[in-house]
Amino acid sequence: MLSDARIRAAKPRKTAYKLSDSGGLHALIQPHGSKLWHLAYRYGGKQKTLALGVYPLVGLREAREQSTAAKQLLAKGIDPSAQRRLAKQVATTGNTFRAHCRRGIH
């Protein structure tokens with residue numbers, strides 16, 4: 001299991017590398033020093049990766065919670081990447097003039 005201290009102490013290298021936690025969750029340490037949370041998973045027989053945020057804005061506990069939520073979607077047969085894309089699309093198109101017209105709000 002990964003610890004917060006280990007992530008903080010991770011130094012950049014010439015190439016990006018992963019610090020693995022469990023269940024596909026890992027911190028990707030970039031050559032320029034940024035630390036990104038990713039979740040590796042399989043859906044429909046294909047390997048996929050879901051970005052969970054930037055460390056330290058998203059801490060270890062929150063990354064694990066997001067990972068658990070994504071795995072719950074997978075257990076229901078829902079692709080977490082597709083779900084996020086759909087939610088983002090609804091959020092960005094929800095307040096457009098066209099959306100209001102479709103709802104009958106003028």
# chains A, B, ... in the order shown; residues from 1 in each chain; ligands from 1
$ residues_around --residues "range 3-7 of chain A" --least-positions-apart "2" --cutoff "12 Å" --atoms "only C-alpha atoms" --output "count of residues only"
30
$ select_by_dssp --residues "chain A" --states "strand (DSSP E or B)" --output "list in words"
Tyr17, Lys18, Leu19, Ser20, Leu25, His26, Ala27, Leu28, Ile29, Lys35, Leu36, Trp37, His38, Leu39, Ala40, Tyr41, Arg42, Tyr43, Lys46, Gln47, Lys48, Thr49, Leu50, Ala51, Leu52, Gly53, Val54 and Tyr55 of chain A
$ write_last_selection --atoms "C-alpha atoms" --output "CSV table (one decimal), in the first residue's frame"
chain,number,residue,atom,x,y,z
A,17,TYR,CA,7.0,6.2,-13.6
A,18,LYS,CA,4.2,4.8,-11.4
A,19,LEU,CA,3.9,4.3,-7.7
A,20,SER,CA,1.2,1.6,-7.3
A,25,LEU,CA,-4.7,2.9,-8.4
A,26,HIS,CA,-1.4,4.5,-9.0
A,27,ALA,CA,0.4,7.9,-8.8
A,28,LEU,CA,2.1,8.8,-12.1
A,29,ILE,CA,5.2,10.8,-11.4
A,35,LYS,CA,2.1,13.8,-9.6
A,36,LEU,CA,-1.1,12.5,-11.1
A,37,TRP,CA,-3.6,9.9,-9.8
A,38,HIS,CA,-4.7,7.3,-12.3
A,39,LEU,CA,-6.9,4.2,-12.1
A,40,ALA,CA,-6.1,1.4,-14.5
A,41,TYR,CA,-9.1,-0.9,-15.2
A,42,ARG,CA,-10.6,-3.2,-17.9
A,43,TYR,CA,-13.9,-2.6,-19.5
A,46,LYS,CA,-9.9,-3.4,-23.1
A,47,GLN,CA,-7.4,-1.8,-20.8
A,48,LYS,CA,-8.4,1.8,-19.9
A,49,THR,CA,-7.1,4.5,-17.6
A,50,LEU,CA,-9.2,7.0,-15.6
A,51,ALA,CA,-7.5,10.2,-14.4
A,52,LEU,CA,-8.5,11.0,-10.8
A,53,GLY,CA,-6.7,14.3,-10.2
A,54,VAL,CA,-3.4,16.0,-9.3
A,55,TYR,CA,-1.6,15.4,-6.1
$ atom_distance --atom1 "CA of Ala16 in chain A" --atom2 "CA of Ser67 in chain A"
21.2 Å
$ closest_residue --among "A:Thr68, A:Ala87, A:Gly44, A:Ala75" --to "Gly24 in chain A" --atoms "only C-alpha atoms"
A:Thr68
$ atom_distance --atom1 "CA of Gln66 in chain A" --atom2 "CA of Thr15 in chain A"
26.3 Å
$ select_by_dssp --residues "chain A" --states "alpha helix (DSSP H)" --output "PDB file with C-alpha atoms, in the first residue's frame"
ATOM      1  CA  ASP A   4       1.295   9.916   1.655  1.00  0.00           C
ATOM      2  CA  ALA A   5       4.926  10.260   2.764  1.00  0.00           C
ATOM      3  CA  ARG A   6       6.109   8.050  -0.106  1.00  0.00           C
ATOM      4  CA  ILE A   7       4.206  10.136  -2.657  1.00  0.00           C
ATOM      5  CA  ARG A   8       5.572  13.402  -1.225  1.00  0.00           C
ATOM      6  CA  ALA A   9       9.115  12.002  -1.312  1.00  0.00           C
ATOM      7  CA  LEU A  60      -4.411   9.634  -1.160  1.00  0.00           C
ATOM      8  CA  ARG A  61      -7.685   9.135   0.747  1.00  0.00           C
ATOM      9  CA  GLU A  62      -9.751  10.967  -1.879  1.00  0.00           C
ATOM     10  CA  ALA A  63      -8.031   9.087  -4.721  1.00  0.00           C
ATOM     11  CA  ARG A  64      -8.916   5.801  -3.011  1.00  0.00           C
ATOM     12  CA  GLU A  65     -12.535   6.954  -2.573  1.00  0.00           C
ATOM     13  CA  GLN A  66     -12.761   7.890  -6.263  1.00  0.00           C
ATOM     14  CA  SER A  67     -11.215   4.542  -7.162  1.00  0.00           C
ATOM     15  CA  THR A  68     -13.819   2.721  -5.075  1.00  0.00           C
ATOM     16  CA  ALA A  69     -16.645   4.716  -6.698  1.00  0.00           C
ATOM     17  CA  ALA A  70     -15.308   3.849 -10.168  1.00  0.00           C
ATOM     18  CA  LYS A  71     -15.103   0.162  -9.237  1.00  0.00           C
ATOM     19  CA  GLN A  72     -18.715   0.269  -8.042  1.00  0.00           C
ATOM     20  CA  LEU A  73     -19.734   1.587 -11.468  1.00  0.00           C
ATOM     21  CA  LEU A  74     -17.745  -1.220 -13.101  1.00  0.00           C
ATOM     22  CA  ALA A  75     -19.543  -3.758 -10.911  1.00  0.00           C
ATOM     23  CA  PRO A  80     -16.476   5.074 -15.418  1.00  0.00           C
ATOM     24  CA  SER A  81     -14.846   7.052 -18.265  1.00  0.00           C
ATOM     25  CA  ALA A  82     -18.072   7.062 -20.274  1.00  0.00           C
ATOM     26  CA  GLN A  83     -20.065   8.004 -17.172  1.00  0.00           C
ATOM     27  CA  ARG A  84     -17.758  10.959 -16.488  1.00  0.00           C
ATOM     28  CA  ARG A  85     -17.944  12.073 -20.124  1.00  0.00           C
ATOM     29  CA  LEU A  86     -21.753  11.903 -20.026  1.00  0.00           C
ATOM     30  CA  ALA A  87     -21.941  13.844 -16.749  1.00  0.00           C
ATOM     31  CA  LYS A  88     -19.620  16.514 -18.157  1.00  0.00           C
ATOM     32  CA  GLN A  89     -21.672  16.758 -21.338  1.00  0.00           C
ATOM     33  CA  VAL A  90     -24.905  17.148 -19.358  1.00  0.00           C
ATOM     34  CA  ALA A  91     -23.292  19.780 -17.131  1.00  0.00           C
ATOM     35  CA  THR A  92     -22.025  21.843 -20.049  1.00  0.00           C
ATOM     36  CA  THR A  93     -25.139  21.578 -22.211  1.00  0.00           C
ATOM     37  CA  PHE A  97     -30.589  28.103 -24.897  1.00  0.00           C
ATOM     38  CA  ARG A  98     -31.350  24.947 -26.877  1.00  0.00           C
ATOM     39  CA  ALA A  99     -31.632  22.873 -23.690  1.00  0.00           C
ATOM     40  CA  HIS A 100     -34.060  25.407 -22.209  1.00  0.00           C
ATOM     41  CA  CYS A 101     -36.152  25.355 -25.384  1.00  0.00           C
ATOM     42  CA  ARG A 102     -36.311  21.568 -25.329  1.00  0.00           C
ATOM     43  CA  ARG A 103     -37.589  21.728 -21.770  1.00  0.00           C
TER      44      ARG A 103
END
$ decode --residues "range 48-95 of chain A" --atoms "N, CA and C atoms" --output "mmCIF file, in the first residue's frame"
data_model
loop_
_atom_site.group_PDB
_atom_site.id
_atom_site.type_symbol
_atom_site.label_atom_id
_atom_site.label_comp_id
_atom_site.auth_asym_id
_atom_site.auth_seq_id
_atom_site.Cartn_x
_atom_site.Cartn_y
_atom_site.Cartn_z
ATOM 1 N N LYS A 48 -8.111 0.337 -19.844
ATOM 2 C CA LYS A 48 -8.405 1.766 -19.856
ATOM 3 C C LYS A 48 -7.777 2.416 -18.637
ATOM 4 N N THR A 49 -7.654 3.731 -18.687
ATOM 5 C CA THR A 49 -7.112 4.503 -17.575
ATOM 6 C C THR A 49 -8.033 5.680 -17.306
ATOM 7 N N LEU A 50 -8.329 5.911 -16.038
ATOM 8 C CA LEU A 50 -9.176 7.013 -15.608
ATOM 9 C C LEU A 50 -8.332 7.963 -14.774
ATOM 10 N N ALA A 51 -8.255 9.229 -15.182
ATOM 11 C CA ALA A 51 -7.525 10.242 -14.416
ATOM 12 C C ALA A 51 -8.381 10.659 -13.230
ATOM 13 N N LEU A 52 -7.777 10.691 -12.039
ATOM 14 C CA LEU A 52 -8.518 11.008 -10.824
ATOM 15 C C LEU A 52 -8.146 12.355 -10.226
ATOM 16 N N GLY A 53 -7.073 12.964 -10.677
ATOM 17 C CA GLY A 53 -6.701 14.269 -10.172
ATOM 18 C C GLY A 53 -5.212 14.428 -9.980
ATOM 19 N N VAL A 54 -4.840 15.613 -9.502
ATOM 20 C CA VAL A 54 -3.445 15.978 -9.308
ATOM 21 C C VAL A 54 -3.135 15.986 -7.812
ATOM 22 N N TYR A 55 -2.032 15.337 -7.445
ATOM 23 C CA TYR A 55 -1.575 15.361 -6.064
ATOM 24 C C TYR A 55 -0.832 16.665 -5.847
ATOM 25 N N PRO A 56 -1.003 17.396 -4.799
ATOM 26 C CA PRO A 56 -1.691 17.142 -3.545
ATOM 27 C C PRO A 56 -3.132 17.658 -3.489
ATOM 28 N N LEU A 57 -3.637 18.261 -4.592
ATOM 29 C CA LEU A 57 -5.031 18.723 -4.582
ATOM 30 C C LEU A 57 -5.990 17.584 -4.295
ATOM 31 N N VAL A 58 -5.687 16.420 -4.842
ATOM 32 C CA VAL A 58 -6.435 15.197 -4.542
ATOM 33 C C VAL A 58 -5.487 14.317 -3.735
ATOM 34 N N GLY A 59 -5.795 14.150 -2.474
ATOM 35 C CA GLY A 59 -4.945 13.359 -1.587
ATOM 36 C C GLY A 59 -5.150 11.870 -1.775
ATOM 37 N N LEU A 60 -4.361 11.092 -1.068
ATOM 38 C CA LEU A 60 -4.411 9.634 -1.160
ATOM 39 C C LEU A 60 -5.794 9.105 -0.787
ATOM 40 N N ARG A 61 -6.367 9.608 0.299
ATOM 41 C CA ARG A 61 -7.685 9.135 0.747
ATOM 42 C C ARG A 61 -8.755 9.409 -0.318
ATOM 43 N N GLU A 62 -8.749 10.625 -0.861
ATOM 44 C CA GLU A 62 -9.751 10.967 -1.879
ATOM 45 C C GLU A 62 -9.552 10.149 -3.152
ATOM 46 N N ALA A 63 -8.311 9.910 -3.536
ATOM 47 C CA ALA A 63 -8.031 9.087 -4.721
ATOM 48 C C ALA A 63 -8.569 7.675 -4.515
ATOM 49 N N ARG A 64 -8.391 7.138 -3.308
ATOM 50 C CA ARG A 64 -8.916 5.801 -3.011
ATOM 51 C C ARG A 64 -10.448 5.796 -3.049
ATOM 52 N N GLU A 65 -11.067 6.869 -2.541
ATOM 53 C CA GLU A 65 -12.535 6.954 -2.573
ATOM 54 C C GLU A 65 -13.042 7.011 -4.010
ATOM 55 N N GLN A 66 -12.371 7.813 -4.852
ATOM 56 C CA GLN A 66 -12.761 7.890 -6.263
ATOM 57 C C GLN A 66 -12.554 6.549 -6.956
ATOM 58 N N SER A 67 -11.491 5.860 -6.599
ATOM 59 C CA SER A 67 -11.215 4.542 -7.162
ATOM 60 C C SER A 67 -12.322 3.559 -6.794
ATOM 61 N N THR A 68 -12.745 3.594 -5.538
ATOM 62 C CA THR A 68 -13.819 2.721 -5.075
ATOM 63 C C THR A 68 -15.121 3.028 -5.805
ATOM 64 N N ALA A 69 -15.427 4.311 -5.988
ATOM 65 C CA ALA A 69 -16.645 4.716 -6.698
ATOM 66 C C ALA A 69 -16.605 4.219 -8.152
ATOM 67 N N ALA A 70 -15.452 4.321 -8.790
ATOM 68 C CA ALA A 70 -15.308 3.849 -10.168
ATOM 69 C C ALA A 70 -15.492 2.332 -10.243
ATOM 70 N N LYS A 71 -14.968 1.616 -9.259
ATOM 71 C CA LYS A 71 -15.103 0.162 -9.237
ATOM 72 C C LYS A 71 -16.556 -0.256 -8.998
ATOM 73 N N GLN A 72 -17.297 0.549 -8.238
ATOM 74 C CA GLN A 72 -18.715 0.269 -8.042
ATOM 75 C C GLN A 72 -19.482 0.430 -9.350
ATOM 76 N N LEU A 73 -19.117 1.429 -10.147
ATOM 77 C CA LEU A 73 -19.734 1.587 -11.468
ATOM 78 C C LEU A 73 -19.402 0.383 -12.345
ATOM 79 N N LEU A 74 -18.149 -0.051 -12.311
ATOM 80 C CA LEU A 74 -17.745 -1.220 -13.101
ATOM 81 C C LEU A 74 -18.535 -2.454 -12.695
ATOM 82 N N ALA A 75 -18.781 -2.609 -11.402
ATOM 83 C CA ALA A 75 -19.543 -3.758 -10.911
ATOM 84 C C ALA A 75 -20.979 -3.740 -11.444
ATOM 85 N N LYS A 76 -21.484 -2.547 -11.753
ATOM 86 C CA LYS A 76 -22.833 -2.402 -12.314
ATOM 87 C C LYS A 76 -22.826 -2.475 -13.838
ATOM 88 N N GLY A 77 -21.629 -2.675 -14.419
ATOM 89 C CA GLY A 77 -21.521 -2.765 -15.871
ATOM 90 C C GLY A 77 -21.426 -1.420 -16.557
ATOM 91 N N ILE A 78 -21.026 -0.387 -15.823
ATOM 92 C CA ILE A 78 -20.926 0.964 -16.377
ATOM 93 C C ILE A 78 -19.454 1.346 -16.476
ATOM 94 N N ASP A 79 -19.060 1.877 -17.633
ATOM 95 C CA ASP A 79 -17.695 2.340 -17.834
ATOM 96 C C ASP A 79 -17.533 3.695 -17.130
ATOM 97 N N PRO A 80 -16.642 3.812 -16.141
ATOM 98 C CA PRO A 80 -16.476 5.074 -15.418
ATOM 99 C C PRO A 80 -16.060 6.248 -16.317
ATOM 100 N N SER A 81 -15.257 5.983 -17.342
ATOM 101 C CA SER A 81 -14.846 7.052 -18.265
ATOM 102 C C SER A 81 -16.044 7.576 -19.042
ATOM 103 N N ALA A 82 -16.881 6.668 -19.521
ATOM 104 C CA ALA A 82 -18.072 7.062 -20.274
ATOM 105 C C ALA A 82 -19.051 7.803 -19.365
ATOM 106 N N GLN A 83 -19.178 7.350 -18.129
ATOM 107 C CA GLN A 83 -20.065 8.004 -17.172
ATOM 108 C C GLN A 83 -19.603 9.437 -16.905
ATOM 109 N N ARG A 84 -18.303 9.624 -16.726
ATOM 110 C CA ARG A 84 -17.758 10.959 -16.488
ATOM 111 C C ARG A 84 -17.982 11.858 -17.697
ATOM 112 N N ARG A 85 -17.751 11.309 -18.892
ATOM 113 C CA ARG A 85 -17.944 12.073 -20.124
ATOM 114 C C ARG A 85 -19.396 12.503 -20.252
ATOM 115 N N LEU A 86 -20.326 11.600 -19.948
ATOM 116 C CA LEU A 86 -21.753 11.903 -20.026
ATOM 117 C C LEU A 86 -22.133 12.979 -19.012
ATOM 118 N N ALA A 87 -21.637 12.856 -17.784
ATOM 119 C CA ALA A 87 -21.941 13.844 -16.749
ATOM 120 C C ALA A 87 -21.393 15.220 -17.137
ATOM 121 N N LYS A 88 -20.225 15.247 -17.726
ATOM 122 C CA LYS A 88 -19.620 16.514 -18.157
ATOM 123 C C LYS A 88 -20.432 17.121 -19.291
ATOM 124 N N GLN A 89 -20.873 16.287 -20.212
ATOM 125 C CA GLN A 89 -21.672 16.758 -21.338
ATOM 126 C C GLN A 89 -22.997 17.337 -20.853
ATOM 127 N N VAL A 90 -23.643 16.669 -19.914
ATOM 128 C CA VAL A 90 -24.905 17.148 -19.358
ATOM 129 C C VAL A 90 -24.686 18.469 -18.628
ATOM 130 N N ALA A 91 -23.583 18.561 -17.891
ATOM 131 C CA ALA A 91 -23.292 19.780 -17.131
ATOM 132 C C ALA A 91 -23.029 20.962 -18.049
ATOM 133 N N THR A 92 -22.354 20.728 -19.162
ATOM 134 C CA THR A 92 -22.025 21.843 -20.049
ATOM 135 C C THR A 92 -23.163 22.211 -20.985
ATOM 136 N N THR A 93 -24.035 21.269 -21.305
ATOM 137 C CA THR A 93 -25.139 21.578 -22.211
ATOM 138 C C THR A 93 -26.433 21.826 -21.462
ATOM 139 N N GLY A 94 -26.423 21.658 -20.157
ATOM 140 C CA GLY A 94 -27.644 21.805 -19.364
ATOM 141 C C GLY A 94 -28.194 23.211 -19.308
ATOM 142 N N ASN A 95 -27.369 24.220 -19.497
ATOM 143 C CA ASN A 95 -27.835 25.590 -19.390
ATOM 144 C C ASN A 95 -27.790 26.355 -20.701
#
